[in-house]
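Asker: File name data.cif; file contents mmCIF, C-alpha atoms; full text below.
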```cif
data_query
loop_
_atom_site.label_atom_id
_atom_site.label_comp_id
_atom_site.auth_asym_id
_atom_site.auth_seq_id
_atom_site.Cartn_x
_atom_site.Cartn_y
_atom_site.Cartn_z
CA MET P 1 17.59 12.95 88.93
CA LEU P 2 15.96 9.70 87.85
CA THR P 3 12.68 8.52 89.31
CA GLU P 4 12.64 5.21 91.14
CA GLN P 5 10.80 3.45 88.31
CA ASN P 6 13.30 4.73 85.73
CA LEU P 7 16.16 3.58 87.93
CA ILE P 8 14.67 0.10 88.21
CA ASN P 9 14.04 -0.09 84.46
CA GLN P 10 17.62 0.95 83.75
CA LEU P 11 18.92 -1.52 86.32
CA LYS P 12 16.95 -4.28 84.60
CA GLN P 13 18.93 -3.45 81.47
CA GLY P 14 22.17 -3.81 83.46
CA ASP P 15 22.92 -0.08 83.66
CA GLU P 16 25.85 0.51 86.03
CA THR P 17 24.96 4.14 86.77
CA ALA P 18 21.49 3.11 87.94
CA PHE P 19 23.05 0.42 90.12
CA ARG P 20 25.44 2.93 91.63
CA GLU P 21 22.57 5.30 92.39
CA ILE P 22 20.61 2.52 94.08
CA VAL P 23 23.59 1.41 96.17
CA GLU P 24 24.48 4.97 97.18
CA THR P 25 20.94 5.87 98.22
CA ARG P 26 19.92 2.58 99.86
CA GLN P 27 23.12 1.32 101.49
CA GLY P 28 22.22 2.91 104.84
CA MET P 29 18.85 1.18 105.18
CA VAL P 30 20.26 -2.20 104.12
CA TYR P 31 23.31 -1.96 106.38
CA ASN P 32 21.31 -0.76 109.39
CA THR P 33 18.76 -3.57 109.03
CA VAL P 34 21.41 -6.23 108.55
CA LEU P 35 23.52 -4.88 111.43
CA GLY P 36 20.50 -5.03 113.76
CA LEU P 37 20.02 -8.70 112.92
CA LEU P 38 23.66 -9.83 112.79
CA GLN P 39 25.07 -7.65 115.58
CA ASN P 40 28.49 -7.65 113.97
CA ALA P 41 29.82 -4.77 111.86
CA GLU P 42 32.13 -6.86 109.63
CA ASP P 43 29.47 -9.46 108.90
CA ALA P 44 26.95 -6.70 108.25
CA GLU P 45 29.28 -5.11 105.68
CA ASP P 46 29.70 -8.44 103.85
CA VAL P 47 26.00 -9.20 103.91
CA THR P 48 25.15 -5.67 102.68
CA GLN P 49 27.33 -6.39 99.65
CA ASP P 50 25.62 -9.77 99.20
CA VAL P 51 22.24 -8.01 99.25
CA PHE P 52 23.21 -5.60 96.48
CA ILE P 53 24.69 -8.41 94.39
CA LYS P 54 21.36 -10.25 94.75
CA VAL P 55 19.50 -7.07 93.79
CA PHE P 56 21.65 -6.71 90.66
CA GLU P 57 21.18 -10.34 89.69
CA SER P 58 17.47 -10.65 90.43
CA VAL P 59 16.04 -7.20 89.67
CA HIS P 60 14.22 -8.68 86.66
CA GLN P 61 12.11 -10.63 89.18
CA PHE P 62 10.89 -7.37 90.73
CA LYS P 63 7.38 -6.91 89.31
CA GLY P 64 6.51 -3.72 91.17
CA GLU P 65 3.76 -5.38 93.23
CA SER P 66 5.30 -3.85 96.35
CA ALA P 67 7.48 -0.78 96.86
CA PHE P 68 11.11 -1.22 95.82
CA SER P 69 12.22 -0.49 99.39
CA THR P 70 9.93 -3.26 100.70
CA TRP P 71 11.47 -5.70 98.21
CA LEU P 72 14.94 -4.55 99.25
CA TYR P 73 14.13 -5.00 102.96
CA ARG P 74 12.89 -8.54 102.21
CA ILE P 75 16.15 -9.42 100.47
CA ALA P 76 18.15 -7.86 103.32
CA VAL P 77 16.25 -9.79 106.01
CA THR P 78 16.38 -13.10 104.12
CA THR P 79 20.09 -12.75 103.35
CA ALA P 80 20.92 -11.83 106.96
CA LEU P 81 18.96 -14.80 108.32
CA GLU P 82 20.59 -17.16 105.79
CA TYR P 83 23.97 -15.85 106.90
CA LEU P 84 23.13 -16.46 110.56
CA ARG P 85 22.01 -20.04 109.83
CA LYS P 86 25.17 -20.70 107.84
CA LYS P 87 27.27 -19.29 110.67
CA LYS P 88 25.45 -21.49 113.17
CA ARG P 89 26.14 -24.56 111.00
CA LYS P 90 29.81 -23.59 110.78
CA LYS P 91 29.97 -23.18 114.56
CA ARG P 92 28.48 -26.64 115.04
CA PHE P 93 30.97 -28.09 112.59
CA ALA P 94 33.84 -26.23 114.32
CA PHE P 95 32.67 -27.70 117.62
CA VAL P 96 32.76 -31.20 116.16
CA THR P 97 36.23 -30.69 114.67
CA SER P 98 37.44 -29.22 117.97
CA LEU P 99 36.50 -32.52 119.61
CA PHE P 100 39.05 -34.16 117.36
CA GLY P 101 41.67 -31.59 118.27
CA ASP P 102 41.49 -29.52 115.08
CA ASP P 103 40.29 -26.18 116.43
CA GLN P 104 42.62 -23.73 114.76
CA ASN P 105 39.83 -21.42 113.68
CA PRO P 106 37.37 -21.05 116.52
CA LEU P 107 34.27 -19.11 115.48
CA HIS P 108 32.81 -16.84 118.09
CA ASP P 109 31.07 -13.51 118.20
CA PRO P 110 32.28 -10.63 120.28
CA PRO P 111 30.03 -10.91 123.35
CA ASP P 112 29.00 -7.28 123.78
CA PHE P 113 27.65 -5.65 120.70
CA VAL P 114 26.27 -2.15 120.96
CA HIS P 115 24.63 -0.60 117.94
CA PRO P 116 26.65 2.53 117.05
CA GLY P 117 23.50 4.65 116.78
CA VAL P 118 22.34 4.07 120.36
CA GLN P 119 22.19 7.16 122.58
CA LEU P 120 25.11 7.38 125.00
CA ASP P 121 23.03 7.13 128.18
CA ASN P 122 21.21 4.05 126.84
CA ARG P 123 24.30 2.08 125.88
CA GLU P 124 24.39 -0.29 128.86
CA ASN P 125 20.68 -1.12 128.58
CA ALA P 126 20.98 -1.49 124.80
CA ARG P 127 23.89 -3.90 125.23
CA MET P 128 21.74 -6.14 127.45
CA LEU P 129 18.79 -5.85 125.09
CA MET P 130 20.95 -6.77 122.08
CA GLY P 131 22.33 -9.80 123.92
CA THR P 132 18.84 -11.01 124.84
CA LEU P 133 17.42 -10.30 121.38
CA LYS P 134 19.54 -13.11 119.95
CA LYS P 135 17.66 -15.64 122.07
CA ILE P 136 14.07 -14.97 120.99
CA PRO P 137 12.41 -16.68 117.99
CA GLU P 138 13.51 -15.51 114.54
CA ASN P 139 10.27 -13.91 113.34
CA GLN P 140 9.83 -12.01 116.62
CA ARG P 141 13.42 -10.79 116.35
CA VAL P 142 12.93 -9.61 112.77
CA ALA P 143 9.71 -7.75 113.60
CA PHE P 144 11.24 -6.14 116.70
CA THR P 145 14.43 -5.14 114.87
CA LEU P 146 12.63 -3.65 111.87
CA HIS P 147 10.33 -1.68 114.14
CA LYS P 148 12.74 -0.58 116.85
CA ILE P 149 16.09 -0.29 115.06
CA GLU P 150 15.09 0.52 111.49
CA GLY P 151 12.12 2.58 112.68
CA LEU P 152 9.53 1.04 110.36
CA SER P 153 5.84 1.33 111.19
CA TYR P 154 3.77 -1.79 111.90
CA GLN P 155 2.26 -1.43 108.43
CA GLU P 156 5.70 -1.33 106.79
CA VAL P 157 6.96 -4.29 108.85
CA ALA P 158 3.83 -6.22 107.83
CA GLU P 159 4.57 -5.53 104.14
CA VAL P 160 8.18 -6.63 104.49
CA MET P 161 7.23 -9.81 106.36
CA GLN P 162 4.22 -10.38 104.08
CA THR P 163 1.71 -10.67 106.88
CA SER P 164 -1.05 -8.61 108.52
CA VAL P 165 -0.61 -5.65 110.84
CA ALA P 166 -2.40 -7.59 113.59
CA ALA P 167 0.14 -10.41 113.24
CA ILE P 168 3.00 -7.92 113.57
CA GLU P 169 1.41 -6.36 116.66
CA SER P 170 1.15 -9.82 118.16
CA LEU P 171 4.75 -10.72 117.19
CA ILE P 172 6.17 -7.56 118.74
CA HIS P 173 4.05 -8.00 121.87
CA ARG P 174 5.31 -11.58 122.26
CA ALA P 175 8.87 -10.43 121.57
CA LYS P 176 8.59 -7.91 124.41
CA GLN P 177 7.13 -10.52 126.78
CA ASN P 178 9.92 -12.97 125.96
CA LEU P 179 12.59 -10.30 126.33
CA LYS P 180 11.18 -9.26 129.69
CA LYS P 181 11.09 -12.85 130.90
CA MET P 182 14.71 -13.40 129.86
CA LEU P 183 15.92 -10.07 131.23
CA LYS P 184 14.23 -10.63 134.60
CA ASN P 185 16.87 -13.13 135.56
CA TYR P 186 19.80 -11.46 133.94
CA TYR P 187 23.05 -12.08 135.71
CA LEU P 188 25.30 -9.17 136.49
CA GLN P 189 28.78 -9.12 137.85
CA ASP P 190 29.32 -7.44 141.20
CA LYS P 191 31.15 -4.21 140.85
CA MET B 1 28.44 -13.43 140.32
CA ALA B 2 25.38 -11.85 141.81
CA LYS B 3 21.92 -12.42 140.47
CA LYS B 4 19.95 -9.25 139.93
CA GLU B 5 16.26 -9.19 139.30
CA TYR B 6 15.01 -6.11 137.54
CA THR B 7 12.01 -4.09 138.56
CA GLU B 8 9.24 -3.52 136.02
CA GLN B 9 10.48 0.05 135.55
CA GLU B 10 14.04 -1.07 134.82
CA LEU B 11 12.77 -3.67 132.37
CA GLU B 12 10.79 -1.03 130.51
CA ALA B 13 13.89 1.18 130.40
CA ILE B 14 15.88 -1.68 128.86
CA LEU B 15 13.16 -2.46 126.33
CA ASN B 16 13.01 1.20 125.35
CA SER B 17 16.77 1.62 125.12
CA PHE B 18 16.59 1.69 121.31
CA ASP B 19 14.48 4.84 121.45
CA GLY B 20 16.12 7.70 119.60
CA ILE B 21 18.55 5.32 117.89
CA GLU B 22 20.39 6.75 114.90
CA LYS B 23 20.89 4.74 111.76
CA ALA B 24 24.26 3.11 111.30
CA ASN B 25 26.06 3.56 108.01
CA PRO B 26 28.60 1.28 106.35
CA ALA B 27 32.21 2.33 105.93
CA PRO B 28 32.80 4.76 103.03
CA PHE B 29 33.28 3.57 99.44
CA LEU B 30 30.95 0.60 99.75
CA TYR B 31 30.13 0.82 96.05
CA THR B 32 33.81 0.65 95.06
CA ARG B 33 34.34 -2.42 97.25
CA LEU B 34 31.16 -3.97 95.93
CA MET B 35 32.21 -3.51 92.29
CA ALA B 36 35.66 -4.94 93.04
CA ARG B 37 34.05 -7.99 94.60
CA MET B 38 31.61 -8.47 91.73
CA LYS B 39 34.46 -8.21 89.23
CA ALA B 40 36.56 -10.70 91.17
CA GLU B 41 33.63 -13.14 91.35
CA ASP B 42 32.99 -12.75 87.62
CA ASP B 43 36.63 -13.43 86.82
CA ASN B 44 36.90 -16.47 89.00
CA VAL B 45 34.57 -18.98 87.39
CA TRP B 46 36.35 -21.91 89.04
CA SER B 47 35.68 -20.51 92.51
CA ARG B 48 31.98 -20.32 91.60
CA ILE B 49 32.01 -23.93 90.46
CA PHE B 50 33.86 -24.89 93.65
CA GLN B 51 31.31 -22.97 95.74
CA PHE B 52 28.52 -24.86 93.97
CA ILE B 53 29.98 -28.31 94.41
CA THR B 54 30.80 -27.71 98.07
CA ARG B 55 27.18 -26.88 98.84
CA PRO B 56 25.55 -29.50 101.12
CA VAL B 57 22.63 -29.88 98.67
CA PHE B 58 25.05 -30.88 95.92
CA ALA B 59 26.90 -33.34 98.16
CA VAL B 60 23.67 -34.95 99.36
CA GLY B 61 22.40 -35.09 95.76
CA ILE B 62 25.53 -36.86 94.54
CA ALA B 63 25.39 -39.28 97.49
CA LEU B 64 21.75 -40.07 96.61
CA VAL B 65 22.62 -40.68 92.97
CA PHE B 66 25.36 -43.14 93.97
CA LEU B 67 23.01 -44.83 96.41
CA LEU B 68 20.35 -45.23 93.71
CA ILE B 69 22.92 -46.60 91.24
CA ASN B 70 24.03 -49.12 93.87
CA ILE B 71 20.48 -50.17 94.67
CA TYR B 72 19.74 -50.54 90.93
CA ILE B 73 22.83 -52.70 90.36
CA LEU B 74 22.08 -54.84 93.43
CA LEU B 75 18.45 -55.38 92.41
CA ASN B 76 19.51 -56.28 88.89
CA GLN B 77 22.05 -58.76 90.19
CA PHE B 78 19.55 -60.48 92.48
CA SER B 79 16.80 -60.71 89.90
CA GLY B 80 19.23 -61.99 87.24
CA SER B 81 21.05 -64.47 89.49
CA GLY B 82 18.09 -66.97 89.63
CA GLU B 83 18.11 -67.59 85.89
CA GLN B 84 21.85 -67.72 85.77
CA THR B 85 22.05 -70.38 88.51
CA GLU B 86 19.41 -72.42 86.75
CA ASP B 87 21.28 -72.20 83.46
CA SER B 88 24.60 -73.21 84.95
CA THR B 89 22.99 -76.12 86.82
CA GLN B 90 21.49 -77.38 83.58
CA ILE B 91 24.82 -77.12 81.80
CA VAL B 92 26.62 -79.01 84.55
CA ALA B 93 23.92 -81.65 84.62
CA LEU B 94 24.09 -82.08 80.86
CA GLU B 95 27.87 -82.32 80.93
CA TYR B 96 27.85 -84.90 83.68
CA ASN B 97 25.21 -86.90 81.90
CA SER B 98 27.20 -86.97 78.73
CA LEU B 99 30.52 -87.80 80.38
CA THR B 100 29.67 -90.37 83.03
CA SER B 101 27.97 -93.49 82.00
CA THR B 102 25.66 -95.25 84.37
CA ILE B 103 25.81 -98.92 85.34
CA TYR B 104 23.00 -99.61 82.93
CA ASP B 105 25.01 -98.11 80.09
CA ASN B 106 27.98 -100.38 80.88
CA ASN B 107 25.91 -103.55 81.08
CA ALA B 108 23.74 -102.74 78.20
CA GLU B 109 23.37 -105.69 75.94
CA THR B 110 23.98 -104.98 72.42
CA PRO B 111 22.28 -107.07 69.86
#
```
How would this structure read if it were set down as structure tokens?

Answerer:
Amino acid sequence: MLTEQNLINQLKQGDETAFREIVETRQGMVYNTVLGLLQNAEDAEDVTQDVFIKVFESVHQFKGESAFSTWLYRIAVTTALEYLRKKKRKKRFAFVTSLFGDDQNPLHDPPDFVHPGVQLDNRENARMLMGTLKKIPENQRVAFTLHKIEGLSYQEVAEVMQTSVAAIESLIHRAKQNLKKMLKNYYLQDK
Amino acid sequence: MAKKEYTEQELEAILNSFDGIEKANPAPFLYTRLMARMKAEDDNVWSRIFQFITRPVFAVGIALVFLLINIYILLNQFSGSGEQTEDSTQIVALEYNSLTSTIYDNNAETP
């Protein structure tokens, strides 16, 4: 079994076995983080692959100033957010083309995403929370997702987001306040 | 549609609904799919070039270059046109002077 440092050194030399080891051992954390942010299993799978391609191509930039997992989380978060922005741009463009009658490929997300790891009795609440999470500011969403879905401590979230623990506490507090405000007037269908 | 306002307790329950969440895992054989994709991307150089040239940054960059070339040509034309007009006026004037004779030329007394 190779140590993490050895793995990284071998990966820097383009070693495929080291890359395989890294993908096999870290795919869960990358996929789970990306899924929490994207709320779509297919997109999350694609973005997870993008993340590992970026890791393979830019591992020489990893200087070891932070833990490898922190660096990996940063790539995962950045790639997921880039993907969301790109998707938003595409949606806007699709809307414009639909105005001219060319709407053969409408882009829309399935409305009710539930994370597959949510406990059965929490599924309905989690569905509402996921839906509302999309509407809060990006940095609050990232902090909340890393803490609540990926289970990182405030310290770890602060390292990933390259900020202080106090800033993360404040971000998560504001995220909760915003979520509460939005959930307060949530509309439900009569049963 | 009925509007429901949640109690503080219900809101807390919703906010805590991720408690005890288990980590999701990708479908099996991610590495195999990843390698296949990397190989396909390596093989298809043209698709990489196409991806690059269809990026908005590239399009905006090219548009800017064309705009700058146009501005340069226009500025050059305007700054050069003054001299050119002057030159052509002088030529025309000279030609007219040499071709048409004035009344004084016609009645000039020759010794």

Asker: Do you have the CA of Phe50 (chain B)-CA of Ile71 (chain B) distance handy?

Answerer: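 For CA of Phe50 (chain B) relative to CA of Ile71 (chain B), the distance reads 28.6 Å.
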
Asker: Give me, please, the distance in Å between CA of Glu5 (chain B) and CA of Asp121 (chain P), quoted to one decimal.

Answerer: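 Spanning CA of Glu5 (chain B) to CA of Asp121 (chain P) is a straight-line distance of 20.9 Å.
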
Asker: Between P:Val114, P:Leu72, P:Leu11, P:Val34, which has the minimum distance to Phe56 (chain P) (counting all atoms listed in the file)?

Answerer: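 Between P:Val114, P:Leu72, P:Leu11, P:Val34, the residue approaching Phe56 (chain P) most closely is P:Leu11.
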
Asker: Compute the set of chain P residues within 10 Å of chain B, using only C-alpha atoms, and express it as number ranges by chain.

Answerer: P: 16, 19-24, 27-33, 35-36, 41-42, 44-46, 48-50, 52-53, 115-130, 145, 148-151, 176, 179-181, 183-191

Asker: Quick one: distance from CA of Thr163 (chain P) to CA of Lys88 (chain P) in Å, one decimal?

Answerer: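 CA of Lys88 (chain P) lies 26.8 Å from CA of Thr163 (chain P).
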
Asker: Apply the PyMOL selection byres ((chain P and resi 161) around 10) to the displayed file and report the matching residues as a PDB file with C-alpha atoms, keeping the file's coordinate frame.

Answerer:
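What ended up in out_9.pdb:
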```pdb
ATOM      1  CA  THR P  70       9.930  -3.260 100.700  1.00  0.00           C
ATOM      2  CA  TYR P  73      14.130  -5.000 102.960  1.00  0.00           C
ATOM      3  CA  ARG P  74      12.890  -8.540 102.210  1.00  0.00           C
ATOM      4  CA  VAL P  77      16.250  -9.790 106.010  1.00  0.00           C
ATOM      5  CA  THR P  78      16.380 -13.100 104.120  1.00  0.00           C
ATOM      6  CA  ASN P 139      10.270 -13.910 113.340  1.00  0.00           C
ATOM      7  CA  VAL P 142      12.930  -9.610 112.770  1.00  0.00           C
ATOM      8  CA  ALA P 143       9.710  -7.750 113.600  1.00  0.00           C
ATOM      9  CA  LEU P 146      12.630  -3.650 111.870  1.00  0.00           C
ATOM     10  CA  GLN P 155       2.260  -1.430 108.430  1.00  0.00           C
ATOM     11  CA  GLU P 156       5.700  -1.330 106.790  1.00  0.00           C
ATOM     12  CA  VAL P 157       6.960  -4.290 108.850  1.00  0.00           C
ATOM     13  CA  ALA P 158       3.830  -6.220 107.830  1.00  0.00           C
ATOM     14  CA  GLU P 159       4.570  -5.530 104.140  1.00  0.00           C
ATOM     15  CA  VAL P 160       8.180  -6.630 104.490  1.00  0.00           C
ATOM     16  CA  GLN P 162       4.220 -10.380 104.080  1.00  0.00           C
ATOM     17  CA  THR P 163       1.710 -10.670 106.880  1.00  0.00           C
ATOM     18  CA  SER P 164      -1.050  -8.610 108.520  1.00  0.00           C
ATOM     19  CA  VAL P 165      -0.610  -5.650 110.840  1.00  0.00           C
ATOM     20  CA  ALA P 167       0.140 -10.410 113.240  1.00  0.00           C
ATOM     21  CA  ILE P 168       3.000  -7.920 113.570  1.00  0.00           C
TER      22      ILE P 168
END
```

Asker: Could you pull the residues within 9 Å of Lys134 (chain P), counting only C-alpha atoms, minus those fewer than 5 positions along the same chain, as a VMD selection string?

Answerer: chain P and resid 37 to 39 129 141

Asker: Please list as a PyMOL selection string every residue within 10 Å of Gln13 (chain P), counting all atoms listed in the file and excluding residues in the same chain fewer than 4 positions away.

Answerer: chain P and resi 7-9+18+59-60

Asker: Considering all atoms listed in the file, can you say which of P:Ile172, P:Val96, P:Val47, P:Leu152 comes closest to Tyr83 (chain P)?

Answerer: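 Smallest distance to Tyr83 (chain P) is found for P:Val47.
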